[in-house]
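Worksheet for the structure shown next.
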Amino acid sequence: MLNRVRSAVAHLVSSGGTSSQRSKSPDLPNATSAPPAAQETPKTSREKPGNQVGAPQKTAETTVSFSRPTFLQLSPGGLRRADDHAGRAVQSPPDTGRRLPWSTGYAEVINAGKSRHNEDQACCEVVYVESRRSRSVTGVSREPSHNQGFCFYYWGLFDGHAGGGAAEMASRLLHRHIREQLKDLVEILKDPLPPPLCLPSTPETPGVSSPSQLVSPQSCWSPQKEVTHDSLVVGAIENAFHLMDEQMARERRGHQVEGGCCALVVLYLLGKMYVANAGDSRAIIVRNGEIIPMSREFTPETERQRLQLLGFLKPELLGSEFTHLEFPRRVQPKELGQRMLYRDQNMTGWAYKKIEVEDLRFPLVCGEGKKARVMATIGVTRGLGDHNLKVCSSTLPIKPFLSCFPEVRVYDLTQYEHCPDDVLVLGTDGLWDVTNDSEVAATVDRVLSSYEPNDPSRYTALAQALVLGARGIPRDRGWRLPNNKLGSGDDISVFVIPLGGPGSSYS
């Protein structure tokens with residue numbers, strides 16, 4: 001029975017669920033038409049199917065290129081297969097290659113034709129952080145040692161929209177920004193004492209040069225607020241996201257940083273998992289059958305009050321086209337003077353107000369569910385990039401309403417005794433649009449129970465099963481799930497990180 005389960009999964013992964021015609025051209029991806037895609041609602045109405053991931057757009061006479069995570073080790077033929085919207089074969093790191101750190105499982109599949117290329121990106125790294133104060137007086141780096149620094153494990157999923165440039169750039173650089181932010185914290189995080197209020201000066205940061213010149217806590221406030229080591233790591237991650245977004249703003253023209261991306265990042269550092277999310281990707285822990293959410297989606301609905309408050313405080317951002325108030329539907333001119341249901345930035349419930357001329361403007365937040373939009377344009381409210389995004393047929397920028405700061409949740413691995421079946425699952429919205437937490441937990445139990453606990457391939461098999469389950473199989477009316485509902489026509493990317501396997505005892 002177990003062998004049959006494994007064989008079935010392997011067959012689906014290798015075949016993509018169907019036999020499809022492929023282009024004989026060695027340069028261009030398959031042009032065979034795909035099955036009709038699921039009725040996806042793109043995150044932004046300004047989707048540009050012609051944009052390419054990680055490469056400038058080229059003319060029809062030149063090779064069309066795009067990028068996938070390097071750890072997939074795809075050959076040129078493998079790249080063309082990964083770019084095939086018709087077959088939608090699931091991609092994973094090869095069994096014969098070097099495994100991902102921590103025995104991590106990974107799988108991905110391209111969309112069903114929503115965009116020209118796969119706009120998701122992923123990164124999995126082990127990053128060494130050297131203390132900023134491990135340099136000599138001359139500024140020359142000393143030979144690194146474990147006493148001078150530490151390593152952190154890093155996983156990142158980046159879901160691009162309106163082009164793949166932002167996701168590709170973030171996948172290459174965000175962990176470097178995090179490393180830079182952590183350099184000031186190496187000695188502090190290793191010290192069990194509370195963090196100092198001020199850092200001593202370094203050759204790179206001249207200023208306060210002696211302890212006697214440090215600012216006294218009593219001169220700022222009394223008593224001093226308690227600051228934990230966890231909050232320092234969280235602050236480092238938050239600053240890194242902000243710096244990444246600023247870099248995108250500076251380089252968006254010269255480096256083809258088109259569009260924007262949601263970012264879901266996990267750090268393992270000194271016994272704890274830090275899960276940072278900006279967008280609508282999500283992460284859950286499945287521990288002994290229990291589901292522990294480690295993130296939440298940031299959409300126009302979940303952040304309605306923040307958006308409305310900004311519109312209320314800065315009405316110039318709305319121009320003469322939008323109102324910060326929300327109504328159950330668009331107000332009609334014939335309803336002027338009537339009392340209609342509404343809510344503002346301070347309200348979670350509804351009340352009645354007299355309709356005035358200003359209320360005829362388009363609402364800042366409209367729609368519901370996957371169709372909810374900010375300024376009738378974009379369906380996510382946090383992420384990186386989108387610096388050029390404007391309201392359709394308008395000059396109003398949307399970026400002021402979008403936050404690049406993630407929400408960071410902390411999970412202490414040392415507080416629990418984990419077994420090999422306890423995992424942290426990360427997925428872009430292509431997974432969660434058609435799969436709920438309970439279904440993911442059921443798949444975790446079904447797949448992992450069919451493998452030996454010490455089999456390192458079990459987590460990749462689980463990632464593949466999750467992607468296959470969300471993609472479905474091709475039928476006459478598109479990709480369908482076993483219950484005949486539409487499967488996900490979006491890009492799908494999944495990491496599976498074992499909490500009780502290799503790495504859980506690292507510190």
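Chain identifiers are assigned as A, B, and so on, following the order in which chains appear in the structure tokens; residues are numbered from 1 within each chain, and ligands are numbered from 1 in order of appearance.
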Using only C-alpha atoms, find each residue of range 87-188 of chain A with at least one atom at most 6 Å away from an atom of range 255-265 of chain A; report its shortest atom-to-atom pair and that distance in Å (one decimal), sort the rows by chain and rising residue number, and return the result as JSON lines.
{"residue": "A:Trp155", "atom": "CA", "partner": "A:Val265", "partner_atom": "CA", "distance": 5.7}
{"residue": "A:Gly156", "atom": "CA", "partner": "A:Val265", "partner_atom": "CA", "distance": 4.3}
{"residue": "A:Leu157", "atom": "CA", "partner": "A:Leu264", "partner_atom": "CA", "distance": 5.2}
{"residue": "A:Phe158", "atom": "CA", "partner": "A:Ala263", "partner_atom": "CA", "distance": 4.7}
{"residue": "A:Asp159", "atom": "CA", "partner": "A:Cys262", "partner_atom": "CA", "distance": 5.0}
{"residue": "A:Gly160", "atom": "CA", "partner": "A:Cys261", "partner_atom": "CA", "distance": 4.0}
{"residue": "A:His161", "atom": "CA", "partner": "A:Gly260", "partner_atom": "CA", "distance": 5.6}
{"residue": "A:Ala162", "atom": "CA", "partner": "A:Gly259", "partner_atom": "CA", "distance": 4.6}
{"residue": "A:Gly163", "atom": "CA", "partner": "A:Gly259", "partner_atom": "CA", "distance": 5.0}
{"residue": "A:Gly165", "atom": "CA", "partner": "A:Val257", "partner_atom": "CA", "distance": 4.4}
{"residue": "A:Ala166", "atom": "CA", "partner": "A:Gly260", "partner_atom": "CA", "distance": 5.1}
{"residue": "A:Ala167", "atom": "CA", "partner": "A:Cys261", "partner_atom": "CA", "distance": 5.3}
Filtering to N, CA and C atoms, could you give me those residues as an mmCIF file, in the first residue's frame?
data_model
loop_
_atom_site.group_PDB
_atom_site.id
_atom_site.type_symbol
_atom_site.label_atom_id
_atom_site.label_comp_id
_atom_site.auth_asym_id
_atom_site.auth_seq_id
_atom_site.Cartn_x
_atom_site.Cartn_y
_atom_site.Cartn_z
ATOM 1 N N TRP A 155 14.308 30.919 5.235
ATOM 2 C CA TRP A 155 13.405 30.474 4.165
ATOM 3 C C TRP A 155 12.558 31.673 3.734
ATOM 4 N N GLY A 156 12.355 31.838 2.435
ATOM 5 C CA GLY A 156 11.542 32.940 1.959
ATOM 6 C C GLY A 156 10.711 32.558 0.753
ATOM 7 N N LEU A 157 9.432 32.941 0.755
ATOM 8 C CA LEU A 157 8.549 32.818 -0.400
ATOM 9 C C LEU A 157 8.114 34.217 -0.815
ATOM 10 N N PHE A 158 8.193 34.500 -2.112
ATOM 11 C CA PHE A 158 7.885 35.828 -2.629
ATOM 12 C C PHE A 158 6.909 35.684 -3.790
ATOM 13 N N ASP A 159 5.716 36.177 -3.605
ATOM 14 C CA ASP A 159 4.631 36.033 -4.575
ATOM 15 C C ASP A 159 4.491 37.334 -5.351
ATOM 16 N N GLY A 160 4.977 37.339 -6.589
ATOM 17 C CA GLY A 160 4.970 38.558 -7.389
ATOM 18 C C GLY A 160 3.625 38.847 -8.024
ATOM 19 N N HIS A 161 3.398 40.114 -8.319
ATOM 20 C CA HIS A 161 2.208 40.527 -9.069
ATOM 21 C C HIS A 161 2.589 41.701 -9.966
ATOM 22 N N ALA A 162 1.904 41.800 -11.108
ATOM 23 C CA ALA A 162 2.196 42.819 -12.128
ATOM 24 C C ALA A 162 3.641 42.728 -12.593
ATOM 25 N N GLY A 163 4.164 41.504 -12.664
ATOM 26 C CA GLY A 163 5.543 41.278 -13.070
ATOM 27 C C GLY A 163 6.303 40.565 -11.969
ATOM 28 N N GLY A 165 9.714 40.998 -11.273
ATOM 29 C CA GLY A 165 10.980 41.624 -10.915
ATOM 30 C C GLY A 165 11.160 41.840 -9.428
ATOM 31 N N ALA A 166 10.114 42.304 -8.746
ATOM 32 C CA ALA A 166 10.227 42.575 -7.312
ATOM 33 C C ALA A 166 10.463 41.286 -6.540
ATOM 34 N N ALA A 167 9.744 40.221 -6.897
ATOM 35 C CA ALA A 167 9.918 38.937 -6.205
ATOM 36 C C ALA A 167 11.317 38.387 -6.433
#
Please produce, as CSV, a per-residue contact table for range 374-445 of chain A versus range 478-493 of chain A (criterion: any atom at most 6 Å away, only C-alpha atoms considered), showing the nearest atom pair and its distance in Å to one decimal, sorted by chain then residue number.
residue,atom,partner,partner_atom,distance
A:Gly427,CA,A:Ser493,CA,5.7
A:Thr428,CA,A:Ser493,CA,5.6
A:Gly430,CA,A:Ile492,CA,4.6
A:Leu431,CA,A:Ile492,CA,5.7
Check your understanding: What's the 7 Å shell around Met273 in chain A, counting only C-alpha atoms, without same-chain residues fewer than 6 positions away, as a PyMOL selection string?
Key -> chain A and resi 266-267+410-412
**Study point:** Residue list (strand (DSSP E), DSSP) for range 203-436 of chain A, as a PyMOL selection string
**Key:** chain A and resi 260-269+272-278+282-287+290-293+322-323+339-342+351-354+362-363+365-366+373-374+384-385+407-412+423-427
Exercise for review: Please return as a ChimeraX atom specification: the residues of range 212-335 of chain A that backbone DSSP assigns to helix (DSSP H, G or I).
Suggested key: /A:212-213,217-220,229-251,304-313,315-318,333-335
Check your understanding: Which residues, written as an MDAnalysis selection string, have at least one atom at most 8 Å from Asp184 in chain A, with only C-alpha atoms counted and residues fewer than 5 positions away on the same chain left out?
Key -> chainID A and resid 131:133
**Study point:** Residue nearest Leu499 in chain A - candidates A:Val286, A:Leu307, A:Ile398, A:Ala240, atoms counted: only C-alpha atoms
**Key:** A:Val286
Review point. In terms of the shortest atom-to-atom distance over only C-alpha atoms, which of A:Pro456, A:Gly271, A:Pro315, A:Pro300 is closest to Ile378 in chain A?
Key: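 The shortest atom-to-atom distance to Ile378 in chain A comes from A:Pro300.
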Practice item. Find the residue from A:Lys390, A:Arg250, A:Lys354, A:Lys225 that sits nearest to Ala376 in chain A; use only C-alpha atoms when measuring. Key: A:Lys390
